[in-house]
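Here's the structure we're looking at; comments come further down.
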Amino acid sequence: MTNSELNRLKDKAFQGFGIFCTLIGLVVLAIFLLNILIDGLGRIDWNFLNNLPSRRAERAGIYTAWIGTLWVLVLSSLIAFPLGISAGIYLEEYGKKNRLASFLEVNISNLAGVPSIIYGLLGLEIFARMMALGGSLLAGSLTLALLVLPIIIVTTRESIKAVPRSIRDASYALGASKWQTTWYQVLPASFGGILTGVILALSRAVGEAAPLIVIGALAYVPFAPSSPMDEFTVLPIQIFNWISRPQAAFATNAAAAIIILLFITFMLNGIAVYLRNKWQKKVKW
Amino acid sequence: MNHIDLELERLKSKLMDMWDLVEYQLQSGHEAMLKADHELAAKVVKLGRKVNNYDVKIDSMCENLLALYTPVAVDLRLILATLKINANLERIGDTAEGISMFVQQQERPFLPELLEKTNTYAMFTEAIAMFADCRKAYKASNTELARTVIKRDKMLNKIYRKSDDVVAAYLQIYPESIKECLALLSIIKKVERVGDQITNIAEEIIFYRDAKVVKHKSKKKKKANGNDNSENA
Amino acid sequence: MSKKNYKLEAKSLNAYYGNFHALKDINIAMEEKAVTAFIGPSGCGKSTFLRTLNRMNDYIDGFRVEGEILLDNRDIYGKDVRVDELRKEVGMVFQKPNPFPKTIFENVVYGLRIQGIKDKRVLAETAETSLRQTALWDEVKDKLDKSALALSGGQQQRLCIARALAISPSVILMDEPTSALDPISTAKIEELIYELKKDYTIVIVTHNMQQAGRVSDQTAFFYMGELVEFSKTKIMFTSPKHERTQNYITGRFG
């Protein structure tokens with residue numbers, strides 16, 4: 001066997017291995033999805049979405065849970081969006097490139113990797129206790145906002161960095177200030193990327209149960225929250241709660257709720273993909 | 001209008017101005033010769049300075065055009081042709097001056113009989129007419145006209161070749177006018193040179209417009225005529 | 001002899017990127033309503049010098065300037081000079097056409113908008129004048145609300161020039177404005193420069209010697225951060241004083 005034949009064989013072998021690895025992930029996901037769908041799809045109906053939680057599995061619904069999820073989603077994006085983007089802009093456009101900057105940079109990246117339960121503890125101490133927000137929607141949203149903040153900062157910086165130098169130069173050369181250049185040129189050009197990052201971060205936050213449990217979100221809320229100060233629950237907690245019950249009917253409920261949660265996550269991801277494509281088409285350098 | 005076109009236009013019009021001057025020198029030289037007009041002759045000589053200034057100016061314009069615009073194709077040929085036409089014009093101007101200097105040494109006009117026999121008048125008039133036509137050809141980029149100008153040079157050459165014998169015969173009859181005859185012979189030779197220079201200019205015009213080299217062709221053609229077929233095959 | 005009034009003048013100008021001495025004792029005086037070309041090998045400092053003329057290097061960390069640059073006899077690095085005011089006076093066109101990802105109209109009036117001018121009539125008139133000046137009006141008048149990115153490279157570059165003209169500067173800096181363009185577009189830009197010099201003082205950096213010859217009245221040759229030779233373009237291209245200039249412009253460098 002010649003050397004080149006051997007090389008070709010190795011090439012083929014690695015290709016096969018690669019396909020195998022890719023399939024493992026996909027197959028497992030497919031089995032999981034199929035399983036969930038078989039279990040839960042039949043359970044989803046109008047009542048399931050509109051009923052309050054109940055001790056009786058067949059009467060229980062996820063109304064309070066998905067309203068809570070929606071609230072948390074909206075509130076935490078309202079908090080995290082301006083904070084994260086402003087911080088990102090500052091670090092990328094204004095901050096001097098010195099040792100402090102690189103220290104901040106490393107730590108923001110580190111924050112993105114901190115386990116979510118620790119954010120929960122942080123939220124419990126600061127928001128729930130020190131600010132006396134208790135187990136309210138606001139406390140939960142603040143905690144989740146904190147959780148996604150590093151991701152938003154990093155994606156904002158990446159998107160801003162992707163705006164070519166030449167656009168900034170053009171704006172400065174016409175007498176624009178740094179703020180005008182950022183506001184009129186850099187932000188609009190990088191907005192697609194930023195939005196994509198934000199949405200992806202939020203879709204991660206939607207699935208979080210641990211930090212919310214820590215700050216005291218309840219498993220059983222007999223009413224839908226109507227203000228940020230209300231107590232709340234979210235889908236993941238509801239799922240966790242049902243899953244831990246012995247009755248099989250609750251397991252079916254959990255499967256159905258998982259489908260709804262997955263649906264929300266996929267939709268958010270879908271929006272992110274759509275936005276990215278749209279912006280990429282619009283802005284060509 | 002394109003920027004280089006403007007510059008080329010300026011160059012052309014400069015050359016035309018010079019051409020007018022030289023034409024005036026040539027005509028005046030002729031007139032001065034006929035009338036032995038010393039004053040006019042002096043004027044022709046004096047104009048030489050101005051022509052020289054044009055010569056230098058046009059040379060430097062060409063130099064700048066070549067250096068700054070790196071012209072190609074027709075633009076390049078125009079500048080190359082202009083450079084050579086410029087040199088030829090300057091020579092023609094010099095020749096007119098030379099004729100005028102002879103005139104200044106003449107005390108009286110040439111004898112009509114002598115002028116008649118040598119065909120000097122016809123030769124000089126033809127040279128001036130050729131020069132004017134050549135100018136037209138340059139201005140209108142008319143290569144047909146330029147080609148006819150080249151052909152007309154043969155007539156001048158014929159008169160020049162005969163002039164020796166004619167003057168020799170004349171001298172046998174009037175040996176006392178030897179000085180006059182020598183001067184006239186020199187003038188005829190100079191006019192013949194003018195004819196050659198006009199031919200050169202016409203050739204440059206053809207080179208500029210048609211990108212064809214016509215100079216030094218006629219003799220070769222006769223020689224190479226027999227070999228033509230084998231070359232083309 | 002009366003002292004001539006120059007539009008732009010550099011006096012003992014030194015510039016540094018950190019420890020790197022990028023411009024060494026530059027003295028140069030550029031006439032009004034004339035085209036000055038900067039030539040020289042890559043890294044010779046010509047672009048750096050161009051960008052000091054409207055302080056575009058201010059944003060580069062570690063960049064610093066010593067000496068004076070006088071615009072209409074006023075030091076542009078002086079304490080009382082505001083950079084945005086300076087840039088209204090000294091416009092700039094870049095190497096690669098860099099229109100904003102906006103409509104053609106918005107590109108042209110951007111400079112006015114950031115000055116806070118909102119009058120629709122003023123904006124429309126300025127846009128038309130600037131686009132006419134760059135011979136772009138007839139090509140784009142029906143699609144002013146279309147994206148500038150849909151234009152060809154040459155048109156984009158002329159749009160960028162129009163954009164610079166819209167804020168009515170008196171000096172226009174051009175940093176290799178045709179190096180990304182095809183020959184036809186290049187010729188159009190060169191014609192445009194020839195037209196513009198009637199009203200503007202133009203400084204152009206170019207890698208293309210022939211371009212310097214075609215468009216400029218004066219040429220400055222930079223080498224290793226020094227201004228080697230500065231003279232009328234005609235003189236530099238026919239009889240340069242310095243051996244090094246001769247070697248560079250004849251392509252026998254190094």
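Chain labels A, B, ... are given in the sequence in which chains occur in the structure tokens; within each chain residues are numbered consecutively from 1, and ligands are likewise numbered from 1 in the order shown.
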
Find the residues around range 77-85 of chain C up to 9 Å (only C-alpha atoms counted), leave out those fewer than 5 positions away in its own chain, and share them as a list in words. Tyr172, Ala173, Leu174, Gly175, Ala176 and Ser177 of chain A; Asn54, Arg55, Val65, Gly67, Glu68, Ile69, Leu70 and Val90 of chain C

For the residues in the current selection, export all heavy atoms as a CSV table (one decimal), in the first residue's frame.
chain,number,residue,atom,x,y,z
A,172,TYR,N,-16.2,59.8,11.4
A,172,TYR,CA,-15.4,60.8,12.0
A,172,TYR,C,-14.9,61.9,11.1
A,172,TYR,O,-14.9,63.1,11.4
A,172,TYR,CB,-14.1,60.1,12.6
A,172,TYR,CG,-14.4,59.2,13.8
A,172,TYR,CD1,-13.8,58.0,14.0
A,172,TYR,CD2,-15.3,59.6,14.8
A,172,TYR,CE1,-14.0,57.2,15.1
A,172,TYR,CE2,-15.6,58.8,15.9
A,172,TYR,CZ,-14.9,57.6,16.0
A,172,TYR,OH,-15.2,56.8,17.1
A,173,ALA,N,-14.6,61.4,9.9
A,173,ALA,CA,-14.0,62.4,8.9
A,173,ALA,C,-15.0,63.4,8.5
A,173,ALA,O,-14.7,64.5,8.0
A,173,ALA,CB,-13.5,61.7,7.7
A,174,LEU,N,-16.3,63.1,8.7
A,174,LEU,CA,-17.4,64.1,8.4
A,174,LEU,C,-17.7,65.0,9.6
A,174,LEU,O,-18.6,65.7,9.6
A,174,LEU,CB,-18.6,63.4,7.9
A,174,LEU,CG,-18.4,62.8,6.5
A,174,LEU,CD1,-19.6,61.8,6.2
A,174,LEU,CD2,-18.4,63.8,5.4
A,175,GLY,N,-16.9,64.8,10.6
A,175,GLY,CA,-17.1,65.7,11.8
A,175,GLY,C,-17.9,65.1,12.9
A,175,GLY,O,-18.3,65.9,13.8
A,176,ALA,N,-18.3,63.9,12.8
A,176,ALA,CA,-19.1,63.3,13.8
A,176,ALA,C,-18.3,63.0,15.1
A,176,ALA,O,-17.1,62.7,15.0
A,176,ALA,CB,-19.7,62.0,13.3
A,177,SER,N,-19.0,63.1,16.2
A,177,SER,CA,-18.4,62.8,17.5
A,177,SER,C,-18.4,61.3,17.7
A,177,SER,O,-19.1,60.6,16.9
A,177,SER,CB,-19.1,63.5,18.6
A,177,SER,OG,-20.4,63.0,18.7
C,54,ASN,N,-6.0,66.1,9.3
C,54,ASN,CA,-7.3,66.3,9.9
C,54,ASN,C,-7.5,65.5,11.2
C,54,ASN,O,-8.6,65.3,11.7
C,54,ASN,CB,-8.5,65.9,8.9
C,54,ASN,CG,-8.6,64.4,8.7
C,54,ASN,OD1,-7.7,63.7,9.0
C,54,ASN,ND2,-9.7,64.0,8.2
C,55,ARG,N,-6.4,65.2,11.7
C,55,ARG,CA,-6.3,64.6,13.1
C,55,ARG,C,-7.0,63.3,13.2
C,55,ARG,O,-7.6,63.0,14.2
C,55,ARG,CB,-6.8,65.6,14.1
C,55,ARG,CG,-5.9,66.9,14.2
C,55,ARG,CD,-6.3,67.8,15.3
C,55,ARG,NE,-6.4,67.2,16.6
C,55,ARG,CZ,-6.5,67.9,17.7
C,55,ARG,NH1,-6.7,69.2,17.7
C,55,ARG,NH2,-6.6,67.3,18.9
C,65,VAL,N,2.0,63.9,18.4
C,65,VAL,CA,2.5,64.8,17.4
C,65,VAL,C,3.3,66.0,18.0
C,65,VAL,O,2.9,66.5,19.0
C,65,VAL,CB,1.4,65.4,16.5
C,65,VAL,CG1,1.8,66.6,15.7
C,65,VAL,CG2,0.8,64.4,15.6
C,67,GLY,N,5.4,69.7,16.9
C,67,GLY,CA,5.5,70.7,15.8
C,67,GLY,C,4.2,71.2,15.5
C,67,GLY,O,3.2,71.0,16.2
C,68,GLU,N,4.1,71.9,14.4
C,68,GLU,CA,2.8,72.6,14.0
C,68,GLU,C,2.3,72.2,12.7
C,68,GLU,O,3.1,71.9,11.7
C,68,GLU,CB,3.1,74.1,13.9
C,68,GLU,CG,3.3,74.8,15.2
C,68,GLU,CD,3.5,76.3,15.0
C,68,GLU,OE1,4.2,76.7,14.0
C,68,GLU,OE2,2.9,77.1,15.8
C,69,ILE,N,1.0,72.1,12.6
C,69,ILE,CA,0.4,72.1,11.2
C,69,ILE,C,-0.5,73.2,11.1
C,69,ILE,O,-1.5,73.4,11.9
C,69,ILE,CB,-0.4,70.7,11.0
C,69,ILE,CG1,0.6,69.6,10.9
C,69,ILE,CG2,-1.2,70.8,9.8
C,69,ILE,CD1,0.0,68.3,10.8
C,70,LEU,N,-0.3,74.1,10.2
C,70,LEU,CA,-1.1,75.3,10.0
C,70,LEU,C,-2.1,75.2,8.9
C,70,LEU,O,-1.7,74.9,7.8
C,70,LEU,CB,-0.1,76.5,9.8
C,70,LEU,CG,1.0,76.8,10.8
C,70,LEU,CD1,1.8,78.0,10.4
C,70,LEU,CD2,0.4,77.0,12.2
C,90,VAL,N,-11.6,70.3,6.7
C,90,VAL,CA,-10.8,69.4,6.0
C,90,VAL,C,-11.5,68.0,5.8
C,90,VAL,O,-11.5,67.2,6.7
C,90,VAL,CB,-9.4,69.2,6.8
C,90,VAL,CG1,-8.5,68.3,6.0
C,90,VAL,CG2,-8.8,70.5,7.1

Would you kindly return, as number ranges by chain, each protein, DNA or RNA residue with an atom no farther than 8 Å from any atom of Thr206 in chain C, considering only C-alpha atoms and excluding same-chain residues fewer than 2 positions away? C: 37-39, 175-177, 179, 204, 208-209, 211-212

Near range 136-145 of chain C, counting only C-alpha atoms, which residues have an atom at most 12 Å away, once you skip same-chain residues fewer than 3 positions from it, shown as number ranges by chain? C: 101-109, 124-133, 148-152, 154-163, 188-189, 192

Export of prior selection with N, CA and C atoms as a tab-separated table (two decimals), in the first residue's frame:
chain	number	residue	atom	x	y	z
C	101	PRO	N	-24.10	52.02	5.18
C	101	PRO	CA	-25.17	51.13	4.69
C	101	PRO	C	-26.53	51.80	4.78
C	102	LYS	N	-26.66	52.91	4.09
C	102	LYS	CA	-27.90	53.69	4.11
C	102	LYS	C	-28.23	54.08	2.67
C	103	THR	N	-29.25	54.90	2.51
C	103	THR	CA	-29.60	55.32	1.16
C	103	THR	C	-28.56	56.30	0.63
C	104	ILE	N	-28.58	56.49	-0.68
C	104	ILE	CA	-27.64	57.41	-1.31
C	104	ILE	C	-27.83	58.80	-0.72
C	105	PHE	N	-29.10	59.21	-0.60
C	105	PHE	CA	-29.39	60.54	-0.07
C	105	PHE	C	-28.85	60.71	1.34
C	106	GLU	N	-29.13	59.71	2.18
C	106	GLU	CA	-28.67	59.80	3.58
C	106	GLU	C	-27.15	59.83	3.67
C	107	ASN	N	-26.49	59.17	2.75
C	107	ASN	CA	-25.04	59.21	2.75
C	107	ASN	C	-24.54	60.63	2.51
C	108	VAL	N	-25.13	61.29	1.50
C	108	VAL	CA	-24.64	62.62	1.14
C	108	VAL	C	-24.90	63.62	2.27
C	109	VAL	N	-26.07	63.52	2.89
C	109	VAL	CA	-26.42	64.55	3.88
C	109	VAL	C	-26.00	64.17	5.30
C	124	ALA	N	-31.89	68.69	0.62
C	124	ALA	CA	-32.09	68.27	-0.76
C	124	ALA	C	-31.19	69.07	-1.71
C	125	GLU	N	-31.10	70.37	-1.46
C	125	GLU	CA	-30.28	71.20	-2.35
C	125	GLU	C	-28.80	70.83	-2.24
C	126	THR	N	-28.34	70.65	-1.00
C	126	THR	CA	-26.94	70.28	-0.82
C	126	THR	C	-26.64	68.95	-1.48
C	127	ALA	N	-27.57	68.01	-1.32
C	127	ALA	CA	-27.36	66.69	-1.91
C	127	ALA	C	-27.21	66.82	-3.42
C	128	GLU	N	-28.10	67.61	-4.03
C	128	GLU	CA	-28.04	67.73	-5.49
C	128	GLU	C	-26.73	68.41	-5.93
C	129	THR	N	-26.39	69.50	-5.26
C	129	THR	CA	-25.16	70.21	-5.63
C	129	THR	C	-23.95	69.28	-5.53
C	130	SER	N	-23.85	68.59	-4.41
C	130	SER	CA	-22.68	67.74	-4.20
C	130	SER	C	-22.63	66.61	-5.23
C	131	LEU	N	-23.80	66.05	-5.52
C	131	LEU	CA	-23.82	64.95	-6.48
C	131	LEU	C	-23.52	65.45	-7.88
C	132	ARG	N	-23.94	66.67	-8.17
C	132	ARG	CA	-23.60	67.24	-9.48
C	132	ARG	C	-22.11	67.50	-9.59
C	133	GLN	N	-21.54	67.99	-8.50
C	133	GLN	CA	-20.09	68.27	-8.50
C	133	GLN	C	-19.28	67.02	-8.80
C	148	ALA	N	-26.92	52.82	-0.91
C	148	ALA	CA	-25.67	53.24	-1.55
C	148	ALA	C	-24.80	52.04	-1.88
C	149	LEU	N	-25.03	50.93	-1.18
C	149	LEU	CA	-24.20	49.75	-1.39
C	149	LEU	C	-24.50	49.07	-2.71
C	150	ALA	N	-25.62	49.48	-3.36
C	150	ALA	CA	-25.96	48.88	-4.64
C	150	ALA	C	-25.20	49.54	-5.79
C	151	LEU	N	-24.51	50.64	-5.51
C	151	LEU	CA	-23.76	51.33	-6.57
C	151	LEU	C	-22.47	50.56	-6.88
C	152	SER	N	-21.91	50.85	-8.05
C	152	SER	CA	-20.62	50.23	-8.39
C	152	SER	C	-19.52	50.88	-7.56
C	154	GLY	N	-16.81	52.45	-8.38
C	154	GLY	CA	-16.45	53.80	-8.80
C	154	GLY	C	-17.49	54.82	-8.37
C	155	GLN	N	-18.76	54.44	-8.53
C	155	GLN	CA	-19.84	55.33	-8.11
C	155	GLN	C	-19.81	55.54	-6.61
C	156	GLN	N	-19.54	54.46	-5.87
C	156	GLN	CA	-19.47	54.57	-4.42
C	156	GLN	C	-18.38	55.56	-4.02
C	157	GLN	N	-17.24	55.48	-4.70
C	157	GLN	CA	-16.16	56.39	-4.34
C	157	GLN	C	-16.54	57.84	-4.66
C	158	ARG	N	-17.23	58.03	-5.78
C	158	ARG	CA	-17.65	59.40	-6.10
C	158	ARG	C	-18.71	59.86	-5.10
C	159	LEU	N	-19.53	58.91	-4.64
C	159	LEU	CA	-20.50	59.26	-3.60
C	159	LEU	C	-19.77	59.69	-2.32
C	160	CYS	N	-18.71	59.00	-2.00
C	160	CYS	CA	-17.94	59.36	-0.80
C	160	CYS	C	-17.33	60.75	-0.97
C	161	ILE	N	-16.93	61.07	-2.18
C	161	ILE	CA	-16.40	62.42	-2.41
C	161	ILE	C	-17.53	63.44	-2.28
C	162	ALA	N	-18.69	63.12	-2.84
C	162	ALA	CA	-19.85	64.02	-2.73
C	162	ALA	C	-20.20	64.24	-1.26
C	163	ARG	N	-20.13	63.17	-0.49
C	163	ARG	CA	-20.44	63.22	0.94
C	163	ARG	C	-19.48	64.18	1.65
C	188	LYS	N	-12.21	58.44	-14.16
C	188	LYS	CA	-13.28	59.38	-13.79
C	188	LYS	C	-12.92	60.15	-12.53
C	189	ILE	N	-12.38	59.44	-11.55
C	189	ILE	CA	-12.00	60.12	-10.31
C	189	ILE	C	-10.90	61.14	-10.58
C	192	LEU	N	-12.30	64.10	-12.02
C	192	LEU	CA	-13.02	64.81	-10.97
C	192	LEU	C	-12.04	65.65	-10.13

Can you check which residues of range 178-276 of chain A DSSP gives as alpha helix (DSSP H) on the backbone and send them as an MDAnalysis selection string? chainID A and resid 178:180 187:206 210:215 235:243 248:276

Written file, previous selection with C-alpha atoms, as a short mmCIF file (atom, residue, chain, number, x, y, z; two decimals), in the first residue's frame:
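Full text of again23.cif as output:
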data_model
loop_
_atom_site.label_atom_id
_atom_site.label_comp_id
_atom_site.auth_asym_id
_atom_site.auth_seq_id
_atom_site.Cartn_x
_atom_site.Cartn_y
_atom_site.Cartn_z
CA LYS A 178 -17.78 59.40 19.01
CA TRP A 179 -21.32 59.27 20.31
CA GLN A 180 -22.80 60.25 16.94
CA LEU A 187 -25.14 50.47 16.53
CA PRO A 188 -27.45 50.21 13.51
CA ALA A 189 -24.82 48.19 11.67
CA SER A 190 -24.25 45.82 14.57
CA PHE A 191 -27.80 45.67 15.84
CA GLY A 192 -28.62 42.42 14.10
CA GLY A 193 -25.72 40.69 15.78
CA ILE A 194 -26.50 42.19 19.16
CA LEU A 195 -30.17 41.22 18.95
CA THR A 196 -29.27 37.70 17.94
CA GLY A 197 -26.98 37.39 20.91
CA VAL A 198 -29.55 38.80 23.29
CA ILE A 199 -32.26 36.46 22.11
CA LEU A 200 -30.02 33.43 22.35
CA ALA A 201 -29.07 34.47 25.88
CA LEU A 202 -32.73 34.86 26.79
CA SER A 203 -33.63 31.50 25.36
CA ARG A 204 -31.06 30.06 27.69
CA ALA A 205 -32.51 32.00 30.62
CA VAL A 206 -36.02 30.73 29.87
CA ALA A 210 -32.25 26.54 39.67
CA PRO A 211 -31.63 30.24 40.37
CA LEU A 212 -35.34 30.93 40.52
CA ILE A 213 -35.93 28.12 42.96
CA VAL A 214 -33.17 29.53 45.12
CA ILE A 215 -34.72 32.98 45.30
CA LEU A 235 -42.32 26.50 33.21
CA PRO A 236 -39.09 24.77 34.23
CA ILE A 237 -40.13 24.85 37.88
CA GLN A 238 -43.56 23.54 37.02
CA ILE A 239 -41.98 20.73 35.04
CA PHE A 240 -39.60 19.94 37.84
CA ASN A 241 -42.48 19.86 40.26
CA TRP A 242 -44.59 17.51 38.17
CA ILE A 243 -41.75 15.23 37.31
CA ALA A 248 -47.98 8.78 35.90
CA ALA A 249 -50.55 11.40 34.86
CA PHE A 250 -48.28 14.16 36.17
CA ALA A 251 -45.41 12.73 34.12
CA THR A 252 -47.64 13.19 31.07
CA ASN A 253 -48.32 16.75 32.20
CA ALA A 254 -44.59 17.33 32.50
CA ALA A 255 -44.01 16.01 28.99
CA ALA A 256 -46.66 18.36 27.65
CA ALA A 257 -45.13 21.30 29.50
CA ILE A 258 -41.71 20.37 28.14
CA ILE A 259 -43.14 20.54 24.62
CA ILE A 260 -44.40 24.06 25.34
CA LEU A 261 -41.05 25.09 26.81
CA LEU A 262 -39.18 23.64 23.84
CA PHE A 263 -41.59 25.41 21.55
CA ILE A 264 -40.80 28.75 23.20
CA THR A 265 -37.05 28.12 23.02
CA PHE A 266 -37.16 27.04 19.40
CA MET A 267 -39.22 30.07 18.53
CA LEU A 268 -36.69 32.37 20.16
CA ASN A 269 -33.87 30.63 18.32
CA GLY A 270 -35.86 30.88 15.11
CA ILE A 271 -36.28 34.60 15.58
CA ALA A 272 -32.55 34.92 16.21
CA VAL A 273 -31.69 33.03 13.01
CA TYR A 274 -34.17 35.10 11.05
CA LEU A 275 -32.76 38.36 12.34
CA ARG A 276 -29.22 37.30 11.64
#

Under the rule that only C-alpha atoms are counted, which of A:Val186, A:Leu147, A:Ala217, A:Ile85 is the nearest residue to Ala128 in chain A? A:Ala217

Taking only C-alpha atoms into account, report as a ChimeraX atom specification which residues of chain C lie within 9 Å of chain B. /C:190-191,194,209-215,233-235,237-238
